[in-house]
file target_20.txt (compact mmCIF, C-alpha atoms)
# COMPACT_ATOMS: atom_id res chain seq x y z
CA MET A 273 0.00 0.00 0.00
CA THR A 274 1.03 3.56 -0.56
CA ARG A 275 2.17 5.25 2.63
CA THR A 276 0.20 8.32 3.67
CA ARG A 277 2.48 11.31 3.33
CA GLN A 278 3.13 13.49 6.36
CA ALA A 279 3.05 17.29 6.41
CA VAL A 280 4.04 19.51 9.32
CA VAL A 281 2.87 23.12 9.32
CA ILE A 282 4.82 25.42 11.65
CA GLY A 283 2.47 28.27 12.55
CA GLY A 284 -1.29 28.23 13.12
CA GLY A 285 -2.22 31.56 11.58
CA ILE A 286 -4.42 32.13 8.55
CA GLY A 287 -1.83 31.00 5.99
CA GLY A 288 -0.76 27.97 7.99
CA LEU A 289 -4.31 26.77 8.62
CA THR A 290 -5.34 27.32 5.00
CA ALA A 291 -2.37 25.23 3.92
CA ALA A 292 -3.27 22.57 6.47
CA VAL A 293 -6.84 22.32 5.18
CA ALA A 294 -5.76 22.22 1.52
CA LEU A 295 -3.09 19.58 2.17
CA HIS A 296 -5.51 17.52 4.25
CA ARG A 297 -7.93 17.56 1.33
CA ARG A 298 -5.08 16.34 -0.91
CA GLY A 299 -4.73 13.27 1.30
CA LEU A 300 -1.74 14.21 3.44
CA ARG A 301 -1.74 13.64 7.17
CA VAL A 302 -1.16 17.10 8.63
CA THR A 303 0.15 18.30 11.98
CA VAL A 304 0.00 22.02 12.81
CA LEU A 305 2.42 23.28 15.45
CA GLU A 306 1.44 26.63 16.98
CA ARG A 307 3.70 28.34 19.51
CA ALA A 308 0.86 30.25 21.26
CA THR A 309 -1.34 28.60 23.84
CA SER A 310 -4.42 28.97 21.63
CA LEU A 311 -5.33 29.69 18.02
CA GLN A 312 -7.16 32.88 18.91
CA PRO A 313 -5.28 35.72 17.19
CA ILE A 314 -4.70 39.18 18.59
CA GLY A 315 -7.93 41.12 18.14
CA ALA A 316 -7.92 42.69 14.71
CA ALA A 317 -9.78 42.34 11.44
CA ILE A 318 -8.70 41.18 8.00
CA SER A 319 -9.93 42.28 4.61
CA LEU A 320 -10.39 39.47 2.11
CA SER A 321 -10.48 40.53 -1.51
CA PRO A 322 -11.84 38.42 -4.40
CA ASN A 323 -8.48 36.77 -5.09
CA ALA A 324 -8.37 35.25 -1.60
CA LEU A 325 -12.05 34.35 -1.69
CA ARG A 326 -11.50 32.41 -4.92
CA ALA A 327 -8.63 30.63 -3.20
CA LEU A 328 -10.95 29.75 -0.31
CA ASP A 329 -13.44 28.37 -2.84
CA VAL A 330 -10.88 25.62 -3.46
CA ILE A 331 -11.40 24.37 0.11
CA ALA A 332 -15.17 25.03 0.02
CA LEU A 333 -15.00 28.02 2.36
CA GLY A 334 -15.39 30.98 -0.01
CA ASP A 335 -19.18 31.32 -0.01
CA GLU A 336 -19.34 30.97 3.76
CA ILE A 337 -16.97 33.92 4.09
CA ARG A 338 -18.72 35.98 1.40
CA ASP A 339 -21.88 35.81 3.51
CA LEU A 340 -20.04 37.87 6.13
CA ALA A 341 -19.65 40.90 3.85
CA ALA A 342 -20.80 44.08 5.57
CA TRP A 343 -19.80 46.72 3.03
CA GLN A 344 -22.87 48.33 1.47
CA GLY A 345 -23.33 51.65 -0.26
CA ASP A 346 -20.53 54.13 -0.78
CA ALA A 347 -17.00 53.97 0.55
CA GLY A 348 -13.84 55.78 -0.30
CA LEU A 349 -11.14 58.23 0.57
CA ARG A 350 -11.49 61.38 2.74
CA THR A 351 -9.47 64.27 4.10
CA PRO A 352 -9.11 64.83 7.87
CA GLY A 353 -11.77 67.55 7.60
CA GLY A 354 -14.23 65.05 6.13
CA ARG A 355 -14.22 66.00 2.45
CA TRP A 356 -14.56 63.04 0.11
CA ILE A 357 -11.70 62.82 -2.38
CA SER A 358 -12.86 59.62 -4.02
CA ARG A 359 -15.96 57.45 -3.66
CA SER A 360 -17.08 54.10 -4.92
CA GLY A 361 -19.37 51.30 -3.81
CA ALA A 362 -19.52 47.60 -3.08
CA GLU A 363 -21.33 46.90 -6.35
CA ALA A 364 -18.62 48.65 -8.38
CA ALA A 365 -15.92 46.63 -6.66
CA ALA A 366 -17.77 43.36 -7.21
CA ALA A 367 -18.35 44.20 -10.87
CA ARG A 368 -14.70 45.10 -11.45
CA PHE A 369 -13.19 42.05 -9.76
CA GLY A 370 -15.92 39.45 -9.95
CA GLY A 371 -16.67 39.35 -6.25
CA PRO A 372 -16.99 41.36 -3.03
CA LEU A 373 -14.47 42.65 -0.54
CA VAL A 374 -15.15 41.09 2.87
CA LEU A 375 -13.96 42.46 6.19
CA LEU A 376 -14.16 40.12 9.16
CA HIS A 377 -12.46 39.45 12.46
CA ARG A 378 -9.38 37.28 12.15
CA ALA A 379 -10.70 35.00 14.87
CA THR A 380 -13.75 34.23 12.73
CA LEU A 381 -11.63 33.06 9.82
CA ILE A 382 -9.30 31.10 12.11
CA ASP A 383 -12.30 29.30 13.63
CA ARG A 384 -13.79 28.43 10.22
CA LEU A 385 -10.46 27.04 9.00
CA ALA A 386 -9.74 25.04 12.15
CA ALA A 387 -13.20 23.47 11.98
CA ARG A 388 -12.23 21.88 8.64
CA LEU A 389 -9.35 19.93 10.17
CA PRO A 390 -9.56 16.57 11.93
CA PRO A 391 -9.40 16.61 15.74
CA ASP A 392 -5.90 16.71 17.19
CA THR A 393 -4.42 18.16 13.99
CA VAL A 394 -3.44 21.38 15.78
CA ARG A 395 -1.02 21.34 18.71
CA THR A 396 -0.84 24.59 20.63
CA ALA A 397 1.96 25.63 23.01
CA ALA A 398 4.18 23.69 20.60
CA ASP A 399 7.40 25.57 19.96
CA ALA A 400 8.96 24.08 16.84
CA MET A 401 12.35 24.37 15.14
CA LEU A 402 13.41 23.11 11.76
CA ALA A 403 16.23 20.64 12.41
CA ASP A 404 16.81 19.46 8.83
CA PRO A 405 15.10 20.66 5.62
CA GLY A 406 15.44 17.18 4.16
CA GLY A 407 16.00 16.31 0.53
CA SER A 408 15.21 13.79 -2.17
CA ASP A 409 16.94 11.09 -0.12
CA ARG A 410 15.57 11.91 3.33
CA PRO A 411 12.56 13.46 5.09
CA ALA A 412 12.63 16.82 6.77
CA ARG A 413 12.90 16.88 10.55
CA VAL A 414 11.18 19.26 12.97
CA ARG A 415 12.25 19.49 16.60
CA THR A 416 9.56 20.01 19.26
CA PRO A 417 9.58 19.83 23.08
CA ASP A 418 7.98 16.38 22.72
CA GLY A 419 10.60 15.06 20.32
CA GLU A 420 11.33 15.17 16.61
CA LEU A 421 8.83 14.79 13.79
CA GLU A 422 9.72 13.57 10.32
CA ALA A 423 7.78 14.96 7.36
CA ASP A 424 7.55 14.67 3.61
CA LEU A 425 6.67 18.37 3.58
CA VAL A 426 7.23 21.14 6.11
CA VAL A 427 5.40 24.44 5.72
CA GLY A 428 7.05 27.45 7.34
CA ALA A 429 4.11 29.70 8.20
CA ASP A 430 5.69 31.18 11.30
CA GLY A 431 5.36 34.87 10.50
CA ILE A 432 7.58 37.82 9.87
CA ARG A 433 10.22 36.73 12.42
CA SER A 434 10.28 33.24 10.91
CA SER A 435 12.85 30.90 12.39
CA VAL A 436 12.23 28.54 9.48
CA ARG A 437 13.25 31.27 7.01
CA ASP A 438 16.35 32.03 9.08
CA THR A 439 17.33 28.35 8.99
CA LEU A 440 16.85 28.04 5.23
CA PHE A 441 18.41 31.38 4.30
CA PRO A 442 20.71 32.45 7.16
CA HIS A 443 22.41 35.18 5.11
CA HIS A 444 19.22 36.95 4.05
CA PRO A 445 18.87 40.37 5.78
CA GLY A 446 15.29 39.68 6.86
CA PRO A 447 12.58 42.28 7.43
CA VAL A 448 13.23 46.02 7.55
CA TYR A 449 11.28 48.80 9.25
CA SER A 450 8.72 50.28 6.87
CA GLY A 451 8.89 53.71 8.47
CA PHE A 452 5.55 53.78 10.25
CA THR A 453 3.60 52.27 13.09
CA THR A 454 -0.04 51.14 13.23
CA TRP A 455 -2.85 51.08 15.77
CA ARG A 456 -5.94 48.86 15.56
CA VAL A 457 -9.19 48.48 17.48
CA VAL A 458 -12.25 46.23 17.06
CA ILE A 459 -15.02 47.54 19.31
CA PRO A 460 -18.76 48.27 19.46
CA VAL A 461 -19.54 51.94 18.83
CA PRO A 462 -23.22 52.44 19.78
CA GLY A 463 -25.10 54.81 17.52
CA ALA A 464 -22.29 55.32 15.03
CA GLU A 465 -23.50 55.56 11.44
CA PHE A 466 -20.92 56.08 8.72
CA ALA A 467 -19.77 55.01 5.29
CA SER A 468 -16.70 52.83 5.19
CA HIS A 469 -13.70 55.06 4.56
CA GLU A 470 -9.98 55.65 4.77
CA THR A 471 -8.70 59.14 5.60
CA TRP A 472 -5.31 60.46 4.53
CA GLY A 473 -3.65 63.25 6.47
CA ARG A 474 -0.09 64.52 6.67
CA GLY A 475 2.04 61.49 7.47
CA ARG A 476 -1.03 59.86 9.03
CA ILE A 477 -3.97 57.73 7.92
CA TRP A 478 -7.12 56.47 9.58
CA GLY A 479 -9.67 53.86 8.48
CA THR A 480 -13.14 53.07 9.87
CA HIS A 481 -15.16 50.08 8.67
CA PRO A 482 -18.27 48.22 9.90
CA LEU A 483 -18.17 44.48 10.57
CA LYS A 484 -21.10 42.11 9.99
CA ASP A 485 -21.34 41.39 13.73
CA GLY A 486 -22.10 45.06 14.49
CA ARG A 487 -18.67 46.04 15.73
CA VAL A 488 -16.40 48.63 14.15
CA TYR A 489 -12.89 47.98 12.91
CA ALA A 490 -10.67 51.06 12.98
CA TYR A 491 -6.99 51.41 12.25
CA ALA A 492 -4.47 54.21 12.10
CA ALA A 493 -0.93 54.61 10.85
CA ALA A 494 1.66 57.33 11.30
CA ILE A 495 5.27 57.92 10.41
CA THR A 496 7.25 57.46 13.62
CA PRO A 497 10.69 56.22 14.67
CA ALA A 498 10.85 52.47 15.19
CA GLY A 499 10.25 51.10 18.65
CA GLY A 500 8.09 53.91 19.98
CA HIS A 501 5.29 53.29 22.47
CA ALA A 502 3.08 55.53 24.57
CA ALA A 503 2.10 54.94 28.18
CA ASP A 504 -1.52 55.28 27.03
CA GLU A 505 -2.05 54.45 23.35
CA LYS A 506 -5.64 55.71 23.39
CA ALA A 507 -4.37 59.10 24.54
CA GLU A 508 -1.80 58.95 21.74
CA LEU A 509 -4.56 58.38 19.21
CA LEU A 510 -6.62 61.23 20.65
CA HIS A 511 -3.61 63.50 20.29
CA ARG A 512 -3.04 62.51 16.67
CA TYR A 513 -6.61 62.04 15.39
CA GLY A 514 -9.02 63.51 17.94
CA ASP A 515 -9.91 66.52 15.77
CA TRP A 516 -10.51 64.52 12.58
CA HIS A 517 -13.97 64.08 11.05
CA ASP A 518 -16.83 61.93 12.37
CA PRO A 519 -17.03 59.08 13.28
CA ILE A 520 -13.39 59.12 14.40
CA PRO A 521 -14.05 61.01 17.68
CA ALA A 522 -16.90 58.58 18.49
CA VAL A 523 -14.65 55.58 17.89
CA LEU A 524 -11.96 57.02 20.12
CA ALA A 525 -14.51 57.82 22.82
CA ALA A 526 -15.77 54.22 22.77
CA ALA A 527 -12.31 52.65 22.91
CA ARG A 528 -10.62 51.72 26.17
CA PRO A 529 -6.82 51.95 26.45
CA GLU A 530 -6.62 48.15 26.57
CA ASP A 531 -8.55 47.88 23.27
CA VAL A 532 -5.79 49.60 21.32
CA LEU A 533 -3.10 47.48 19.68
CA ARG A 534 0.08 49.09 18.40
CA HIS A 535 2.70 47.49 16.17
CA ASP A 536 5.56 48.82 14.09
CA VAL A 537 5.35 47.76 10.44
CA HIS A 538 8.14 45.79 8.80
CA HIS A 539 8.46 44.23 5.37
CA ILE A 540 10.87 42.06 3.42
CA ALA A 541 12.50 44.53 1.06
CA GLU A 542 14.99 42.11 -0.51
CA PRO A 543 13.14 39.13 -2.00
CA LEU A 544 14.22 35.69 -0.91
CA PRO A 545 16.11 33.64 -3.50
CA ALA A 546 13.36 31.00 -3.31
CA TYR A 547 10.34 30.07 -1.23
CA HIS A 548 11.54 26.52 -0.74
CA GLN A 549 14.56 24.43 0.08
CA GLY A 550 14.66 20.66 0.36
CA ARG A 551 11.25 19.54 1.57
CA VAL A 552 10.39 22.88 3.17
CA ALA A 553 8.23 25.68 1.75
CA LEU A 554 7.66 29.17 3.18
CA LEU A 555 4.42 31.10 2.89
CA GLY A 556 2.82 34.33 4.05
CA ASP A 557 4.84 36.80 6.11
CA ALA A 558 7.63 34.25 6.51
CA ALA A 559 8.21 34.51 2.76
CA HIS A 560 7.13 38.02 1.76
CA ALA A 561 6.01 40.26 4.62
CA MET A 562 4.54 43.49 3.27
CA PRO A 563 3.09 46.78 4.56
CA PRO A 564 -0.68 46.60 5.13
CA THR A 565 -1.40 49.47 2.73
CA LEU A 566 -3.03 47.17 0.14
CA GLY A 567 -4.64 44.89 2.72
CA GLN A 568 -2.95 41.94 0.98
CA GLY A 569 -0.78 40.31 3.62
CA GLY A 570 -3.33 37.69 4.65
CA ASN A 571 -4.76 37.45 1.13
CA GLN A 572 -1.39 36.54 -0.33
CA ALA A 573 -0.86 33.96 2.42
CA VAL A 574 -4.16 32.31 1.45
CA GLU A 575 -3.12 32.30 -2.20
CA ASP A 576 0.25 30.79 -1.20
CA ALA A 577 -1.45 27.99 0.70
CA ILE A 578 -3.65 26.91 -2.19
CA VAL A 579 -0.85 27.10 -4.75
CA LEU A 580 1.42 25.16 -2.41
CA ALA A 581 -1.14 22.37 -2.16
CA HIS A 582 -1.29 22.37 -5.96
CA HIS A 583 2.50 22.05 -6.27
CA CYS A 584 3.20 19.96 -3.18
CA ASP A 585 5.20 17.43 -5.27
CA ASP A 586 7.24 20.15 -6.96
CA LEU A 587 8.27 22.96 -4.64
CA ALA A 588 10.36 24.62 -7.36
CA ALA A 589 7.11 25.13 -9.26
CA TYR A 590 5.60 26.67 -6.13
CA THR A 591 8.46 29.18 -5.95
CA ALA A 592 8.13 29.92 -9.67
CA ALA A 593 4.41 30.58 -9.27
CA ARG A 594 4.54 32.69 -6.12
CA LEU A 595 7.84 34.58 -5.87
CA PRO A 596 7.32 36.96 -8.84
CA ARG A 597 3.70 37.70 -7.93
CA THR A 598 4.27 38.36 -4.24
CA THR A 599 7.43 40.38 -4.91
CA GLY A 600 5.34 42.66 -7.13
CA VAL A 601 2.62 43.00 -4.48
CA VAL A 602 5.20 43.85 -1.79
CA ARG A 603 6.71 46.58 -3.97
CA GLN A 604 3.29 48.00 -4.78
CA ALA A 605 2.36 48.08 -1.09
CA VAL A 606 5.57 49.99 -0.35
CA ARG A 607 4.76 52.51 -3.10
CA VAL A 608 1.23 53.01 -1.76
CA ALA A 609 2.62 53.61 1.73
CA ARG A 610 4.79 56.40 0.37
CA LEU A 611 1.76 57.90 -1.37
CA ASN A 612 -0.72 57.83 1.49
CA LEU A 613 1.77 58.81 4.20
CA MET A 614 3.21 61.83 2.40
CA THR A 615 4.33 64.70 4.64
CA ASN A 616 4.95 67.51 2.12
CA ARG A 617 1.94 69.84 2.14
CA ALA A 618 2.31 70.87 -1.50
CA GLY A 619 2.69 67.27 -2.55
CA ILE A 620 -0.40 66.29 -0.57
CA ALA A 621 -2.46 68.97 -2.31
CA VAL A 622 -1.32 67.75 -5.71
CA ARG A 623 -1.97 64.14 -4.72
CA ASP A 624 -5.50 64.79 -3.51
CA THR A 625 -6.38 66.84 -6.59
CA ALA A 626 -5.04 64.13 -8.90
CA ILE A 627 -6.94 61.39 -7.07
CA ALA A 628 -10.19 63.35 -7.27
CA ALA A 629 -9.72 63.99 -10.99
CA LEU A 630 -8.84 60.38 -11.76
CA SER A 631 -11.81 59.11 -9.80
CA LYS A 632 -14.22 61.36 -11.68
CA ALA A 633 -12.84 60.09 -14.97
CA GLY A 634 -13.07 56.40 -14.08
CA PRO A 635 -13.00 53.88 -11.21
CA ALA A 636 -11.93 55.17 -7.81
CA LEU A 637 -8.21 55.02 -7.13
CA PHE A 638 -8.53 52.40 -4.41
CA LEU A 639 -10.27 50.10 -6.92
CA ARG A 640 -7.61 50.73 -9.56
CA GLY A 641 -4.99 49.79 -6.99
CA PHE A 642 -6.37 46.23 -6.94
CA ASP A 643 -5.99 45.71 -10.70
CA GLY A 644 -3.74 42.72 -11.28
CA ILE A 645 -4.23 41.65 -7.65
CA ALA A 646 -7.91 41.07 -6.93
CA ASP A 647 -8.52 39.43 -10.31
CA TRP A 648 -6.11 36.53 -9.58
CA ARG A 649 -7.50 33.03 -9.93
CA PRO A 650 -6.20 29.73 -8.53
CA PRO A 651 -4.61 27.12 -10.80
CA THR A 652 -7.11 25.39 -13.05
CA GLY A 653 -8.57 22.04 -12.09
CA ALA A 654 -10.52 20.81 -9.11
CA LEU A 655 -9.29 19.91 -5.65
CA PRO A 656 -10.69 16.45 -4.91
CA ALA A 657 -12.41 15.64 -1.67
CA ARG A 658 -10.08 13.87 0.71
CA ALA A 659 -9.90 10.19 -0.11
CA LYS A 660 -7.52 7.31 0.55
CA PRO A 661 -5.10 6.86 -2.35
CA ARG A 662 -5.27 3.77 -4.52
CA VAL A 663 -2.37 1.36 -4.35
CA GLY A 664 0.47 2.71 -6.47
CA GLU A 665 -1.03 6.18 -6.79
CA ALA A 666 0.88 9.26 -5.64
CA VAL A 667 -0.99 11.13 -2.92
CA CYS A 668 -0.04 14.53 -4.27
CA SER A 669 0.21 13.94 -8.01
CA GLN A 670 0.74 16.96 -10.19
CA GLN A 671 -1.85 15.52 -12.55
CA THR A 672 -4.48 16.13 -9.87
CA GLN A 673 -4.67 19.89 -9.78
CA VAL A 674 -5.88 22.33 -7.21
CA GLY A 675 -8.17 24.96 -8.68
CA GLU A 676 -11.35 26.91 -8.65
CA ARG A 677 -14.76 25.79 -7.62
call {"tool": "encode", "arguments": {"input": "target_20.txt", "output": "structure tokens"}}
result
Amino acid sequence: MTRTRQAVVIGGGIGGLTAAVALHRRGLRVTVLERATSLQPIGAAISLSPNALRALDVIALGDEIRDLAAWQGDAGLRTPGGRWISRSGAEAAAARFGGPLVLLHRATLIDRLAARLPPDTVRTAADAMLADPGGSDRPARVRTPDGELEADLVVGADGIRSSVRDTLFPHHPGPVYSGFTTWRVVIPVPGAEFASHETWGRGRIWGTHPLKDGRVYAYAAAITPAGGHAADEKAELLHRYGDWHDPIPAVLAAARPEDVLRHDVHHIAEPLPAYHQGRVALLGDAAHAMPPTLGQGGNQAVEDAIVLAHHCDDLAAYTAARLPRTTGVVRQAVRVARLNLMTNRAGIAVRDTAIAALSKAGPALFLRGFDGIADWRPPTGALPARAKPRVGEAVCSQQTQVGER
């Protein structure tokens, strides 16, 4: 009989769990090792664009997530005083890219993914280290506090500070500071009525968006030196954004200091030479961390996971499919960060005037920014339901392709 192949996924975030589900459906026996004591992520939301939703269709999760879409009516870009620079709507976005943009809490997506895995697949409080990437003549080995695991495939989904990446590519410089920090809150804001928006100021941005569960997701970013923190981050936000347009003051009034998360932003400026080595593949932030200015970090991790399942017998093909695309998305996110965090007053005036003119002449700028990104589709073919392989049949044959619904 054909032996069931073993996969070990290091990291239980969105990319790691998506990979685990896709590989499980390909017939591999999967173990997910998560360092944290639970799968519940730090409280923040994630925006899923049509490219990621099509990827989730491959594991029969896309429509379930689309049902969580809360964006209705107009949305767009504003100035701190409240003037709309550019407006569009959910219908225009869906028409342009063949599907909606969905904003949901990360915990919701994590829960839906974990529910598609067999019991005992995920081990929490499991600190893992890659001991040997393996090769054609030997399996990969992963060291854990409970002993070593051997695997036909190891997926490094352990985030921006990836130890797996450091083991595979010890001379790579790793992530660099992107020049700005971010704050995020997910809270109820009673009585707040607003259109979803992002607001660009001088070296600062703010976004406010409704979630399907009735809460509000708000985020802010500002150019600051790396490593800065305030004794009271809510007070810091009030200082920076308290006089901006509604509903920003209402969101700040509803937030407690402990609701506010602050993180410096880093990205991988120098692309890795490959996203694989031996029997190990990297995905998500471990491979191509990017600024959040396009909202594509999690989306690209989901794409990675589905393409990896498609190419799980040929990791060089996985690198060939993903490295050029994600490198381009990283560079575009860096360019957008420079645009929306400008500090020169004259340049800001020119920028805002140009955006308004372009948006009147055609699709809003934030929709144009998704061209070539949100229209991505998974590899053609159909991912089969999980089944035991026939005698003599490869579990992860390249002739059986992962693809769209």
call {"tool": "residues_around", "arguments": {"input": "target_20.txt", "residues": "Ala341 in chain A", "least_positions_apart": "4", "cutoff": "12 Å", "atoms": "all atoms listed in the file", "output": "list in words"}}
result
Ile318, Ser319, Leu320, Ser321, Pro322, Leu325, Gly334, Asp335, Glu336, Ile337, Ala362, Glu363, Ala366, Gly371, Pro372, Leu373, Val374, Leu375, Leu376, His377, His481, Pro482, Leu483, Lys484, Asp485 and Gly486 of chain A
call {"tool": "write_last_selection", "arguments": {"input": "target_20.txt", "atoms": "C-alpha atoms", "output": "mmCIF file, keeping the file's coordinate frame"}}
result
data_model
loop_
_atom_site.group_PDB
_atom_site.id
_atom_site.type_symbol
_atom_site.label_atom_id
_atom_site.label_comp_id
_atom_site.auth_asym_id
_atom_site.auth_seq_id
_atom_site.Cartn_x
_atom_site.Cartn_y
_atom_site.Cartn_z
ATOM 1 C CA ILE A 318 -8.700 41.180 8.000
ATOM 2 C CA SER A 319 -9.930 42.280 4.610
ATOM 3 C CA LEU A 320 -10.390 39.470 2.110
ATOM 4 C CA SER A 321 -10.480 40.530 -1.510
ATOM 5 C CA PRO A 322 -11.840 38.420 -4.400
ATOM 6 C CA LEU A 325 -12.050 34.350 -1.690
ATOM 7 C CA GLY A 334 -15.390 30.980 -0.010
ATOM 8 C CA ASP A 335 -19.180 31.320 -0.010
ATOM 9 C CA GLU A 336 -19.340 30.970 3.760
ATOM 10 C CA ILE A 337 -16.970 33.920 4.090
ATOM 11 C CA ALA A 362 -19.520 47.600 -3.080
ATOM 12 C CA GLU A 363 -21.330 46.900 -6.350
ATOM 13 C CA ALA A 366 -17.770 43.360 -7.210
ATOM 14 C CA GLY A 371 -16.670 39.350 -6.250
ATOM 15 C CA PRO A 372 -16.990 41.360 -3.030
ATOM 16 C CA LEU A 373 -14.470 42.650 -0.540
ATOM 17 C CA VAL A 374 -15.150 41.090 2.870
ATOM 18 C CA LEU A 375 -13.960 42.460 6.190
ATOM 19 C CA LEU A 376 -14.160 40.120 9.160
ATOM 20 C CA HIS A 377 -12.460 39.450 12.460
ATOM 21 C CA HIS A 481 -15.160 50.080 8.670
ATOM 22 C CA PRO A 482 -18.270 48.220 9.900
ATOM 23 C CA LEU A 483 -18.170 44.480 10.570
ATOM 24 C CA LYS A 484 -21.100 42.110 9.990
ATOM 25 C CA ASP A 485 -21.340 41.390 13.730
ATOM 26 C CA GLY A 486 -22.100 45.060 14.490
#
call {"tool": "closest_atom_pairs", "arguments": {"input": "target_20.txt", "of": "range 281-324 of chain A", "to": "range 531-554 of chain A", "cutoff": "12 Å", "atoms": "only C-alpha atoms", "output": "JSON lines"}}
result
{"residue": "A:Val281", "atom": "CA", "partner": "A:Ala553", "partner_atom": "CA", "distance": 9.6}
{"residue": "A:Ile282", "atom": "CA", "partner": "A:Leu554", "partner_atom": "CA", "distance": 9.7}
{"residue": "A:Gly283", "atom": "CA", "partner": "A:Leu554", "partner_atom": "CA", "distance": 10.7}
{"residue": "A:Gly287", "atom": "CA", "partner": "A:Leu554", "partner_atom": "CA", "distance": 10.1}
{"residue": "A:Gly288", "atom": "CA", "partner": "A:Leu554", "partner_atom": "CA", "distance": 9.8}
{"residue": "A:Ala291", "atom": "CA", "partner": "A:Leu554", "partner_atom": "CA", "distance": 10.8}
{"residue": "A:Ile314", "atom": "CA", "partner": "A:Leu533", "partner_atom": "CA", "distance": 8.5}
{"residue": "A:Gly315", "atom": "CA", "partner": "A:Leu533", "partner_atom": "CA", "distance": 8.1}
{"residue": "A:Ala316", "atom": "CA", "partner": "A:Leu533", "partner_atom": "CA", "distance": 8.4}
{"residue": "A:Ala317", "atom": "CA", "partner": "A:Leu533", "partner_atom": "CA", "distance": 11.8}
call {"tool": "closest_residue", "arguments": {"input": "target_20.txt", "among": "A:His560, A:Leu349, A:Arg297, A:Leu510", "to": "Glu470 in chain A", "atoms": "only C-alpha atoms"}}
result
A:Leu349
call {"tool": "closest_residue", "arguments": {"input": "target_20.txt", "among": "A:Gly570, A:Gly451, A:Gly641, A:Pro313", "to": "Gly475 in chain A", "atoms": "all atoms listed in the file"}}
result
A:Gly451
call {"tool": "closest_atom_pairs", "arguments": {"input": "target_20.txt", "of": "range 312-384 of chain A", "to": "range 582-593 of chain A", "cutoff": "12 Å", "atoms": "only C-alpha atoms", "output": "tab-separated table"}}
result
residue	atom	partner	partner_atom	distance
A:Ala327	CA	A:His582	CA	11.4
A:Val330	CA	A:His582	CA	10.4
A:Ile331	CA	A:His582	CA	12.0
call {"tool": "atom_distance", "arguments": {"input": "target_20.txt", "atom1": "CA of Thr309 in chain A", "atom2": "CA of Ala397 in chain A"}}
result
4.5 Å
call {"tool": "closest_residue", "arguments": {"input": "target_20.txt", "among": "A:Ala464, A:Ala324, A:Ile459, A:Ala573", "to": "Arg528 in chain A", "atoms": "only C-alpha atoms"}}
result
A:Ile459
